[in-house]
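**Q** Have a peek at protein-v8.tsv (TSV, C-alpha atoms and all ligand atoms).
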```
chain	number	residue	atom	x	y	z
A	279	MET	CA	8.43	20.51	-14.54
A	280	ARG	CA	8.07	20.92	-10.80
A	281	ALA	CA	8.80	18.04	-8.45
A	282	TRP	CA	9.08	17.46	-4.70
A	283	VAL	CA	12.67	16.26	-4.25
A	284	LEU	CA	14.33	14.42	-1.35
A	285	ASP	CA	17.98	15.51	-1.33
A	286	ARG	CA	18.98	13.85	1.93
A	287	PRO	CA	17.07	11.68	4.40
A	288	ARG	CA	15.47	13.48	7.35
A	289	GLU	CA	15.29	16.73	5.37
A	290	PRO	CA	11.95	18.08	4.12
A	291	LEU	CA	10.99	17.45	0.50
A	292	ARG	CA	11.69	20.56	-1.57
A	293	LEU	CA	9.54	21.72	-4.48
A	294	ARG	CA	11.75	22.68	-7.38
A	295	GLU	CA	12.10	22.87	-11.14
A	296	VAL	CA	13.70	19.73	-12.62
A	297	THR	CA	14.20	18.45	-16.18
A	298	ASP	CA	11.11	16.86	-17.73
A	299	PRO	CA	11.63	13.10	-17.95
A	300	SER	CA	10.92	11.65	-21.39
A	301	PRO	CA	9.79	8.10	-22.09
A	302	GLY	CA	12.31	5.59	-23.45
A	303	PRO	CA	11.36	2.58	-25.57
A	304	GLY	CA	8.40	0.74	-24.02
A	305	GLU	CA	7.71	3.56	-21.57
A	306	ILE	CA	4.99	6.15	-21.16
A	307	ALA	CA	5.14	9.60	-19.57
A	308	VAL	CA	2.20	10.32	-17.29
A	309	GLU	CA	1.01	13.88	-16.54
A	310	VAL	CA	0.26	13.48	-12.84
A	311	SER	CA	-2.86	14.97	-11.24
A	312	ALA	CA	-2.72	13.27	-7.82
A	313	CYS	CA	-0.45	10.94	-5.89
A	314	GLY	CA	-1.26	9.00	-2.75
A	315	LEU	CA	0.96	9.35	0.32
A	316	CYS	CA	2.10	6.14	1.99
A	317	ARG	CA	3.88	5.06	5.14
A	318	THR	CA	6.68	3.74	2.90
A	319	ASP	CA	7.28	7.34	1.77
A	320	ILE	CA	7.95	8.13	5.44
A	321	HIS	CA	10.44	5.25	5.69
A	322	ILE	CA	12.16	6.65	2.55
A	323	CYS	CA	12.16	10.28	3.68
A	324	GLU	CA	13.45	9.31	7.12
A	325	GLY	CA	16.11	6.98	5.66
A	326	GLU	CA	14.63	4.07	7.65
A	327	ILE	CA	15.17	1.86	4.63
A	328	GLU	CA	18.33	1.94	2.52
A	329	LEU	CA	18.12	4.54	-0.28
A	330	PRO	CA	19.50	3.40	-3.65
A	331	LYS	CA	19.02	6.80	-5.31
A	332	LEU	CA	19.51	10.37	-4.08
A	333	PRO	CA	18.20	12.87	-4.83
A	334	VAL	CA	14.91	11.09	-5.44
A	335	VAL	CA	11.32	12.13	-6.08
A	336	PRO	CA	9.14	9.83	-3.89
A	337	GLY	CA	5.52	8.87	-4.57
A	338	HIS	CA	4.22	5.53	-5.83
A	339	GLN	CA	0.44	5.94	-6.12
A	340	ALA	CA	0.30	8.36	-9.05
A	341	VAL	CA	-2.76	9.03	-11.17
A	342	GLY	CA	-2.69	10.99	-14.39
A	343	ARG	CA	-3.04	10.95	-18.13
A	344	VAL	CA	-0.67	9.55	-20.71
A	345	GLY	CA	1.20	12.56	-22.13
A	346	ALA	CA	3.68	10.80	-24.41
A	347	ARG	CA	4.56	7.28	-25.48
A	348	GLY	CA	8.02	5.90	-26.13
A	349	ARG	CA	8.92	3.75	-29.09
A	350	GLY	CA	7.02	0.48	-29.40
A	351	VAL	CA	4.23	1.31	-26.92
A	352	ARG	CA	0.82	0.13	-28.04
A	353	ARG	CA	-0.89	-0.50	-24.73
A	354	PHE	CA	-2.22	3.00	-23.96
A	355	ARG	CA	-3.16	6.07	-25.98
A	356	GLU	CA	-2.31	9.67	-25.23
A	357	GLY	CA	-4.93	11.08	-22.85
A	358	ASP	CA	-5.79	7.70	-21.25
A	359	ARG	CA	-6.10	7.81	-17.48
A	360	VAL	CA	-3.56	5.47	-15.87
A	361	GLY	CA	-2.11	4.63	-12.48
A	362	VAL	CA	1.54	4.19	-11.50
A	363	ALA	CA	2.25	1.91	-8.53
A	364	TRP	CA	5.25	0.76	-6.45
A	365	LEU	CA	6.44	-1.96	-8.84
A	366	HIS	CA	8.29	-0.11	-11.63
A	367	GLY	CA	9.93	-3.09	-13.26
A	368	THR	CA	11.32	-6.57	-12.73
A	369	CYS	CA	14.20	-8.48	-14.36
A	370	GLY	CA	11.83	-10.98	-15.98
A	371	THR	CA	14.45	-13.74	-15.99
A	372	CYS	CA	15.28	-14.76	-12.39
A	373	PRO	CA	13.71	-17.87	-10.80
A	374	ASP	CA	11.16	-15.69	-8.91
A	375	CYS	CA	10.07	-13.94	-12.12
A	376	ALA	CA	9.96	-17.30	-13.93
A	377	ARG	CA	7.58	-18.62	-11.22
A	378	LYS	CA	5.47	-15.45	-11.69
A	379	ASP	CA	6.36	-14.37	-8.13
A	380	GLU	CA	7.55	-11.07	-9.58
A	381	ASN	CA	6.96	-9.35	-6.25
A	382	LEU	CA	9.96	-11.32	-4.94
A	383	CYS	CA	12.34	-10.39	-7.79
A	384	ARG	CA	15.55	-9.25	-6.09
A	385	ARG	CA	16.30	-7.04	-9.08
A	386	ALA	CA	12.87	-5.35	-9.02
A	387	ARG	CA	12.85	-1.57	-9.23
A	388	PHE	CA	10.37	0.53	-7.32
A	389	THR	CA	8.69	3.85	-8.15
A	390	GLY	CA	9.77	6.79	-6.02
A	391	TYR	CA	12.67	4.73	-4.71
A	392	HIS	CA	14.97	3.37	-7.47
A	393	VAL	CA	13.43	5.77	-10.00
A	394	ASP	CA	11.69	9.12	-9.58
A	395	GLY	CA	8.05	8.88	-8.61
A	396	GLY	CA	4.76	10.72	-8.56
A	397	PHE	CA	5.31	13.73	-6.28
A	398	ALA	CA	5.93	15.54	-9.58
A	399	GLU	CA	4.07	16.89	-12.59
A	400	ARG	CA	5.32	14.01	-14.73
A	401	VAL	CA	6.43	10.44	-14.11
A	402	VAL	CA	7.80	7.85	-16.53
A	403	VAL	CA	6.86	4.18	-16.25
A	404	PRO	CA	7.18	1.09	-18.47
A	405	ALA	CA	3.77	0.75	-20.17
A	406	ALA	CA	3.66	-2.89	-19.05
A	407	PHE	CA	3.72	-1.74	-15.39
A	408	ALA	CA	1.03	0.97	-15.63
A	409	TYR	CA	-2.61	0.30	-14.77
A	410	ALA	CA	-5.93	1.15	-16.36
A	411	LEU	CA	-8.17	2.57	-13.62
A	412	PRO	CA	-11.83	1.94	-12.76
A	413	PRO	CA	-14.02	4.89	-13.84
A	414	SER	CA	-16.03	4.63	-10.60
A	415	LEU	CA	-13.52	6.78	-8.66
A	416	ASP	CA	-12.05	10.21	-9.44
A	417	ASP	CA	-8.28	10.81	-9.51
A	418	THR	CA	-7.77	11.68	-5.85
A	419	HIS	CA	-9.98	8.82	-4.61
A	420	VAL	CA	-8.52	6.15	-6.89
A	421	ALA	CA	-4.88	7.01	-5.97
A	422	PRO	CA	-4.82	5.14	-2.62
A	423	LEU	CA	-5.84	1.92	-4.36
A	424	LEU	CA	-2.43	1.85	-6.08
A	425	CYS	CA	-0.40	0.88	-3.01
A	426	ALA	CA	-2.63	0.78	0.06
A	427	GLY	CA	-5.34	-1.05	-1.85
A	428	ILE	CA	-3.07	-3.49	-3.68
A	429	ILE	CA	-1.03	-4.40	-0.58
A	430	GLY	CA	-4.15	-4.93	1.51
A	431	TYR	CA	-5.57	-7.12	-1.23
A	432	ARG	CA	-2.40	-9.22	-1.39
A	433	ALA	CA	-2.24	-9.41	2.42
A	434	LEU	CA	-5.79	-10.84	2.51
A	435	ARG	CA	-4.58	-13.51	0.10
A	436	GLN	CA	-1.41	-14.12	2.16
A	437	ALA	CA	-3.70	-14.64	5.15
A	438	ASP	CA	-5.58	-17.37	3.18
A	439	VAL	CA	-8.90	-15.62	3.82
A	440	GLY	CA	-11.69	-17.89	2.60
A	441	SER	CA	-15.29	-17.04	1.94
A	442	GLY	CA	-17.43	-16.59	5.06
A	443	GLU	CA	-14.45	-16.58	7.43
A	444	THR	CA	-13.85	-14.12	10.24
A	445	VAL	CA	-10.95	-11.73	9.66
A	446	GLY	CA	-9.16	-9.49	12.15
A	447	LEU	CA	-7.57	-6.27	10.91
A	448	TYR	CA	-4.91	-4.83	13.25
A	449	GLY	CA	-4.40	-1.13	12.63
A	450	PHE	CA	-6.87	0.87	10.56
A	451	GLY	CA	-5.16	3.29	8.19
A	452	SER	CA	-5.14	3.70	4.44
A	453	SER	CA	-4.64	0.04	3.52
A	454	ALA	CA	-6.98	-1.47	6.10
A	455	HIS	CA	-9.92	0.80	5.25
A	456	ILE	CA	-9.81	-0.58	1.69
A	457	ALA	CA	-9.16	-4.21	2.77
A	458	LEU	CA	-12.21	-4.04	5.08
A	459	GLN	CA	-14.44	-3.23	2.11
A	460	VAL	CA	-12.89	-6.01	0.00
A	461	ALA	CA	-13.40	-8.56	2.79
A	462	ARG	CA	-16.97	-7.41	3.47
A	463	ALA	CA	-17.80	-7.56	-0.25
A	464	ARG	CA	-16.60	-11.18	-0.22
A	465	GLY	CA	-18.89	-12.06	2.66
A	466	ASN	CA	-16.33	-12.09	5.48
A	467	ARG	CA	-17.05	-10.88	8.99
A	468	VAL	CA	-14.48	-8.26	9.91
A	469	PHE	CA	-13.13	-7.41	13.38
A	470	VAL	CA	-10.96	-4.31	13.68
A	471	VAL	CA	-8.44	-3.68	16.45
A	472	THR	CA	-6.94	-0.19	16.36
A	473	ARG	CA	-5.85	2.62	18.61
A	474	GLY	CA	-7.37	6.04	18.02
A	475	GLU	CA	-11.09	6.83	18.16
A	476	ARG	CA	-10.88	8.48	14.73
A	477	HIS	CA	-9.83	5.13	13.17
A	478	ARG	CA	-12.43	3.18	15.13
A	479	GLU	CA	-15.14	5.60	14.00
A	480	LEU	CA	-14.19	5.06	10.34
A	481	ALA	CA	-14.11	1.27	10.81
A	482	ARG	CA	-17.64	1.32	12.27
A	483	ARG	CA	-18.84	3.61	9.49
A	484	MET	CA	-17.39	1.24	6.85
A	485	GLY	CA	-19.30	-1.68	8.29
A	486	ALA	CA	-16.89	-3.52	10.60
A	487	ASP	CA	-18.70	-6.23	12.59
A	488	TRP	CA	-16.78	-5.38	15.76
A	489	VAL	CA	-14.28	-2.65	16.61
A	490	GLY	CA	-11.91	-2.62	19.59
A	491	ASP	CA	-9.06	-0.62	21.03
A	492	SER	CA	-5.43	-1.67	20.70
A	493	GLY	CA	-4.80	-4.57	23.09
A	494	GLU	CA	-8.44	-5.69	23.08
A	495	ARG	CA	-9.20	-9.27	22.10
A	496	PRO	CA	-11.94	-9.82	19.47
A	497	PRO	CA	-15.08	-11.41	20.98
A	498	GLU	CA	-14.57	-14.72	19.17
A	499	PRO	CA	-11.58	-16.59	17.71
A	500	LEU	CA	-10.52	-15.30	14.29
A	501	ASP	CA	-9.97	-17.53	11.26
A	502	ARG	CA	-7.47	-15.09	9.79
A	503	ALA	CA	-5.80	-11.82	10.69
A	504	VAL	CA	-3.88	-9.12	8.84
A	505	ILE	CA	-1.53	-6.73	10.64
A	506	PHE	CA	-1.34	-3.29	9.05
A	507	ALA	CA	0.35	-1.25	11.79
A	508	PRO	CA	4.19	-1.49	11.78
A	509	ALA	CA	4.19	-2.58	15.44
A	510	GLY	CA	5.97	-5.87	16.24
A	511	GLU	CA	3.94	-6.45	19.42
A	512	LEU	CA	0.85	-7.04	17.27
A	513	ILE	CA	2.28	-10.30	15.90
A	514	PRO	CA	1.98	-12.36	19.12
A	515	GLN	CA	-1.31	-10.55	19.88
A	516	ALA	CA	-2.84	-11.58	16.53
A	517	LEU	CA	-1.45	-15.13	16.74
A	518	GLU	CA	-3.19	-15.54	20.10
A	519	ALA	CA	-6.46	-14.28	18.64
A	520	VAL	CA	-6.62	-16.73	15.70
A	521	ARG	CA	-8.00	-20.24	16.05
A	522	TRP	CA	-5.84	-23.33	15.64
A	523	GLY	CA	-5.08	-23.67	11.93
A	524	GLY	CA	-5.54	-19.90	11.48
A	525	THR	CA	-3.21	-17.56	9.62
A	526	VAL	CA	-1.72	-14.18	10.44
A	527	ALA	CA	-0.24	-12.07	7.64
A	528	SER	CA	1.67	-8.86	8.10
A	529	ALA	CA	1.20	-6.19	5.42
A	530	ALA	CA	4.10	-4.06	6.68
A	531	ILE	CA	7.31	-3.31	4.76
A	532	HIS	CA	9.08	-2.38	8.00
A	533	MET	CA	8.22	-3.33	11.57
A	534	SER	CA	9.42	-2.56	15.09
A	535	PRO	CA	11.06	-5.52	16.94
A	536	ILE	CA	8.80	-8.51	17.59
A	537	PRO	CA	8.69	-9.49	21.29
A	538	GLN	CA	9.86	-12.98	22.22
A	539	MET	CA	7.11	-15.51	21.53
A	540	ASP	CA	6.04	-18.70	23.24
A	541	TYR	CA	5.70	-21.75	20.99
A	542	THR	CA	2.62	-23.17	22.71
A	543	LYS	CA	0.82	-19.88	23.21
A	544	HIS	CA	1.54	-18.32	19.83
A	545	LEU	CA	2.28	-20.94	17.17
A	546	PHE	CA	1.29	-24.48	18.21
A	547	GLY	CA	-1.98	-25.72	16.71
A	548	GLU	CA	-0.65	-25.20	13.19
A	549	ARG	CA	-1.05	-21.47	13.20
A	550	THR	CA	0.79	-19.77	10.30
A	551	LEU	CA	2.59	-16.44	10.23
A	552	ARG	CA	3.40	-14.78	6.89
A	553	SER	CA	4.76	-11.51	5.56
A	554	THR	CA	3.60	-9.63	2.48
A	555	THR	CA	6.34	-8.42	0.16
A	556	ALA	CA	5.46	-5.86	-2.53
A	557	SER	CA	2.91	-7.10	-5.07
A	558	THR	CA	2.55	-8.47	-8.56
A	559	ARG	CA	0.85	-6.83	-11.51
A	560	ARG	CA	-1.83	-9.48	-11.21
A	561	ASP	CA	-2.60	-8.29	-7.65
A	562	GLY	CA	-2.94	-4.74	-8.96
A	563	GLU	CA	-5.16	-5.65	-11.87
A	564	GLU	CA	-7.40	-7.85	-9.73
A	565	LEU	CA	-7.82	-5.23	-6.99
A	566	LEU	CA	-8.59	-2.42	-9.45
A	567	ALA	CA	-11.14	-4.57	-11.27
A	568	PHE	CA	-12.69	-5.68	-7.97
A	569	ALA	CA	-12.88	-2.06	-6.78
A	570	GLY	CA	-14.70	-1.05	-9.97
A	571	THR	CA	-17.30	-3.82	-9.82
A	572	HIS	CA	-17.90	-3.77	-6.04
A	573	GLY	CA	-18.09	-0.01	-5.46
A	574	ILE	CA	-14.99	0.20	-3.25
A	575	THR	CA	-14.48	3.78	-2.08
A	576	THR	CA	-11.75	5.62	-0.20
A	577	GLU	CA	-11.81	8.23	2.55
A	578	VAL	CA	-9.31	10.87	1.46
A	579	THR	CA	-7.64	13.95	2.97
A	580	LEU	CA	-6.00	16.19	0.35
A	581	PHE	CA	-2.67	17.97	0.74
A	582	ASP	CA	-0.79	20.46	-1.44
A	583	ASP	CA	2.49	19.88	0.43
A	584	PRO	CA	3.62	16.25	0.86
A	585	ASN	CA	5.67	17.16	3.96
A	586	GLU	CA	2.42	18.08	5.73
A	587	GLY	CA	0.67	14.93	4.57
A	588	LEU	CA	3.49	12.64	5.68
A	589	ARG	CA	3.64	14.41	9.04
A	590	ALA	CA	-0.10	13.85	9.46
A	591	ILE	CA	0.29	10.12	8.69
A	592	ARG	CA	3.18	9.86	11.17
A	593	ASN	CA	1.08	11.62	13.83
A	594	ASP	CA	-1.80	9.23	13.17
A	595	ALA	CA	-3.97	12.22	12.24
A	596	ILE	CA	-5.40	10.85	8.98
A	597	GLN	CA	-8.71	9.06	8.71
A	598	GLY	CA	-8.32	6.76	5.69
A	599	SER	CA	-5.81	7.94	3.09
A	600	ALA	CA	-3.72	11.07	2.45
A	601	VAL	CA	-3.36	12.25	-1.14
A	602	LEU	CA	-1.13	14.91	-2.69
A	603	ARG	CA	-2.83	17.19	-5.20
A	604	VAL	CA	-0.37	17.76	-8.02
A	605	LYS	CA	-2.46	19.75	-10.48
A	701	ZN	ZN	3.08	2.41	-0.46
A	702	ZN	ZN	13.38	-11.17	-11.48
```
Would you mind giving the structure from this file in structure tokens?
Ligand SMILES: [Zn+2]
Ligand SMILES: [Zn+2]
**A**
Amino acid sequence: MRAWVLDRPREPLRLREVTDPSPGPGEIAVEVSACGLCRTDIHICEGEIELPKLPVVPGHQAVGRVGARGRGVRRFREGDRVGVAWLHGTCGTCPDCARKDENLCRRARFTGYHVDGGFAERVVVPAAFAYALPPSLDDTHVAPLLCAGIIGYRALRQADVGSGETVGLYGFGSSAHIALQVARARGNRVFVVTRGERHRELARRMGADWVGDSGERPPEPLDRAVIFAPAGELIPQALEAVRWGGTVASAAIHMSPIPQMDYTKHLFGERTLRSTTASTRRDGEELLAFAGTHGITTEVTLFDDPNEGLRAIRNDAIQGSAVLRVK
């Protein structure tokens, strides 16, 4: 099969012929049609996070059809459309797994990071970690739900967003444009703070109640806020914008340094700051079901070369999500 391979960080991904992976016991092989591109893929390709495997095929928002099943698999049939997300597997036995906080498992393995991912014609995943997909979206439009969508969904939960509350979204890329729709569908008022007119235009089009430029303060205090951009300076900015008792959650996997904060100005009044770390299968299943029943859509730009797509994300040139067409 053909796959886009990262041989060394900071080098372009190269398309080449590699051995077809075959599913082991409990695994399925997925014939990939599309794979979403994510900021985490940039961190991997640039070596900004430690790389446990090289060469590696990145890509952790893969959509395709089950091509083969390993021994013991009963969950899917050949030909079923499935999604492959970031969480490839967990140990199942550590205290985090036992508490069902499998996103925190320190022995978790991630797709396109510890194991080869979806920038390829075929990807192998444990059947227990693959997802059935809502029929409401085609392959290229459903792909961004698998990381951007799931992380945004978990981040809204980390921010304790309750029904009818006001929510600030800081940064408006792939994840935020899905989270906005989820929050709106739940009856929240949504305020978006983002640089780039292209992002602000999309936020308005998707029904944001107020949209402002980076550095602007929403017109009223927020109950909750989620930070999507990997910019540390947004943390004190969002903490200042939430009311006393409010919560700020960061959805980022990697963030630039956070400026020094002032206890009274940024945290006093029982404001809470939280991170979001990967996601559980329950997050994925809930988001995909919610997307199917509430008509969640995605704004997608298609690429045939992942290097171009990742460059476009880095240059802030994508409105919504970038997706690699595989076949
Ligand atoms: Zn991702
Ligand atoms: Zn574990």
**Q** Calculated over all atoms listed in the file, which of the candidates A:Val578, A:Ala433, A:Ala340, A:Val604 has the smallest distance to Val402 in chain A?
**A**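 Of the candidates, the smallest distance to Val402 in chain A is held by A:Ala340.
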**Q** Quick one: contact table of chain A to ligand ZN 701 (chain A), 7 Å max, nearest atom pair and distance in Å to one decimal per residue, counting only C-alpha atoms and all ligand atoms, chain and number order, as JSON lines?
**A**
```
{"residue": "A:Cys316", "atom": "CA", "partner": "A:ZN701", "partner_atom": "ZN", "distance": 4.6}
{"residue": "A:Arg317", "atom": "CA", "partner": "A:ZN701", "partner_atom": "ZN", "distance": 6.2}
{"residue": "A:Thr318", "atom": "CA", "partner": "A:ZN701", "partner_atom": "ZN", "distance": 5.1}
{"residue": "A:Asp319", "atom": "CA", "partner": "A:ZN701", "partner_atom": "ZN", "distance": 6.8}
{"residue": "A:His338", "atom": "CA", "partner": "A:ZN701", "partner_atom": "ZN", "distance": 6.3}
{"residue": "A:Trp364", "atom": "CA", "partner": "A:ZN701", "partner_atom": "ZN", "distance": 6.6}
{"residue": "A:Cys425", "atom": "CA", "partner": "A:ZN701", "partner_atom": "ZN", "distance": 4.6}
{"residue": "A:Ala426", "atom": "CA", "partner": "A:ZN701", "partner_atom": "ZN", "distance": 6.0}
```
**Q** Export C-alpha atoms of the chosen residues as a short mmCIF file (atom, residue, chain, number, x, y, z; two decimals), keeping the file's coordinate frame?
**A**
```
data_model
loop_
_atom_site.label_atom_id
_atom_site.label_comp_id
_atom_site.auth_asym_id
_atom_site.auth_seq_id
_atom_site.Cartn_x
_atom_site.Cartn_y
_atom_site.Cartn_z
CA CYS A 316 2.10 6.14 1.99
CA ARG A 317 3.88 5.06 5.14
CA THR A 318 6.68 3.74 2.90
CA ASP A 319 7.28 7.34 1.77
CA HIS A 338 4.22 5.53 -5.83
CA TRP A 364 5.25 0.76 -6.45
CA CYS A 425 -0.40 0.88 -3.01
CA ALA A 426 -2.63 0.78 0.06
#
```
**Q** Can you tell me which residues sit at most 10 Å away from ligand ZN 702 (chain A), counting only C-alpha atoms and all ligand atoms, written as a PyMOL selection string?
**A** chain A and resi 367-387
**Q** For His366 in chain A, which residue out of A:Val334, A:Leu588, A:Val403, A:Leu315 is the nearest one, using only C-alpha atoms?
**A**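 For His366 in chain A, the nearest of the candidates is A:Val403.
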**Q** From the options A:Glu305, A:Glu564, A:Asp416, A:Asp501, which residue's atoms come nearest to Thr576 in chain A, counting only C-alpha atoms?
**A** A:Asp416
**Q** Measuring atom to atom with all atoms listed in the file, identify which of A:Ala569, A:Val460, A:Ala312, A:Ile320 is nearest to Asp582 in chain A.
**A** A:Ala312
**Q** Please write as a PyMOL selection string the list of polymer residues whose atoms come within 10 Å of (3.3, 15.6, 0.8), counting all atoms listed in the file and keeping to the coordinates of the file.
**A** chain A and resi 282+290-291+313-316+319-320+336-337+397+580-590+600-604
**Q** Residues of range 488-508 of chain A that have any atom at most 12 Å from an atom of range 534-556 of chain A: could you tabulate them with the shortest-distance atom pair and the distance in Å to one decimal, using all atoms listed in the file, ordered by chain and increasing number, as a Markdown table?
**A**
```
| residue | atom | partner | partner_atom | distance |
| --- | --- | --- | --- | --- |
| A:Leu500 | CA | A:Arg549 | CA | 11.4 |
| A:Asp501 | CA | A:Arg549 | CA | 9.9 |
| A:Arg502 | CA | A:Thr550 | CA | 9.5 |
| A:Ala503 | CA | A:Leu551 | CA | 9.6 |
| A:Val504 | CA | A:Arg552 | CA | 9.4 |
| A:Ile505 | CA | A:Ser553 | CA | 9.4 |
| A:Phe506 | CA | A:Thr554 | CA | 10.4 |
| A:Ala507 | CA | A:Ser534 | CA | 9.7 |
| A:Pro508 | CA | A:Ser534 | CA | 6.3 |
```
**Q** Let me make sure I understand: among A:Leu512, A:Val296, A:Ala398, A:Leu480, which one has the smallest atom-to-atom distance to Ile596 in chain A if we use all atoms listed in the file?
**A**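 Of the candidates, the smallest distance to Ile596 in chain A is held by A:Leu480.
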**Q** Given 5 Å on each side, where is the centre and what are the edge lengths in Å to one decimal of the axis-aligned box enclosing the listed atoms of range 350-356 of chain A, as AutoDock Vina command-line options?
**A**
```
--center_x 1.9 --center_y 4.6 --center_z -26.7 --size_x 20.2 --size_y 20.2 --size_z 15.4
```
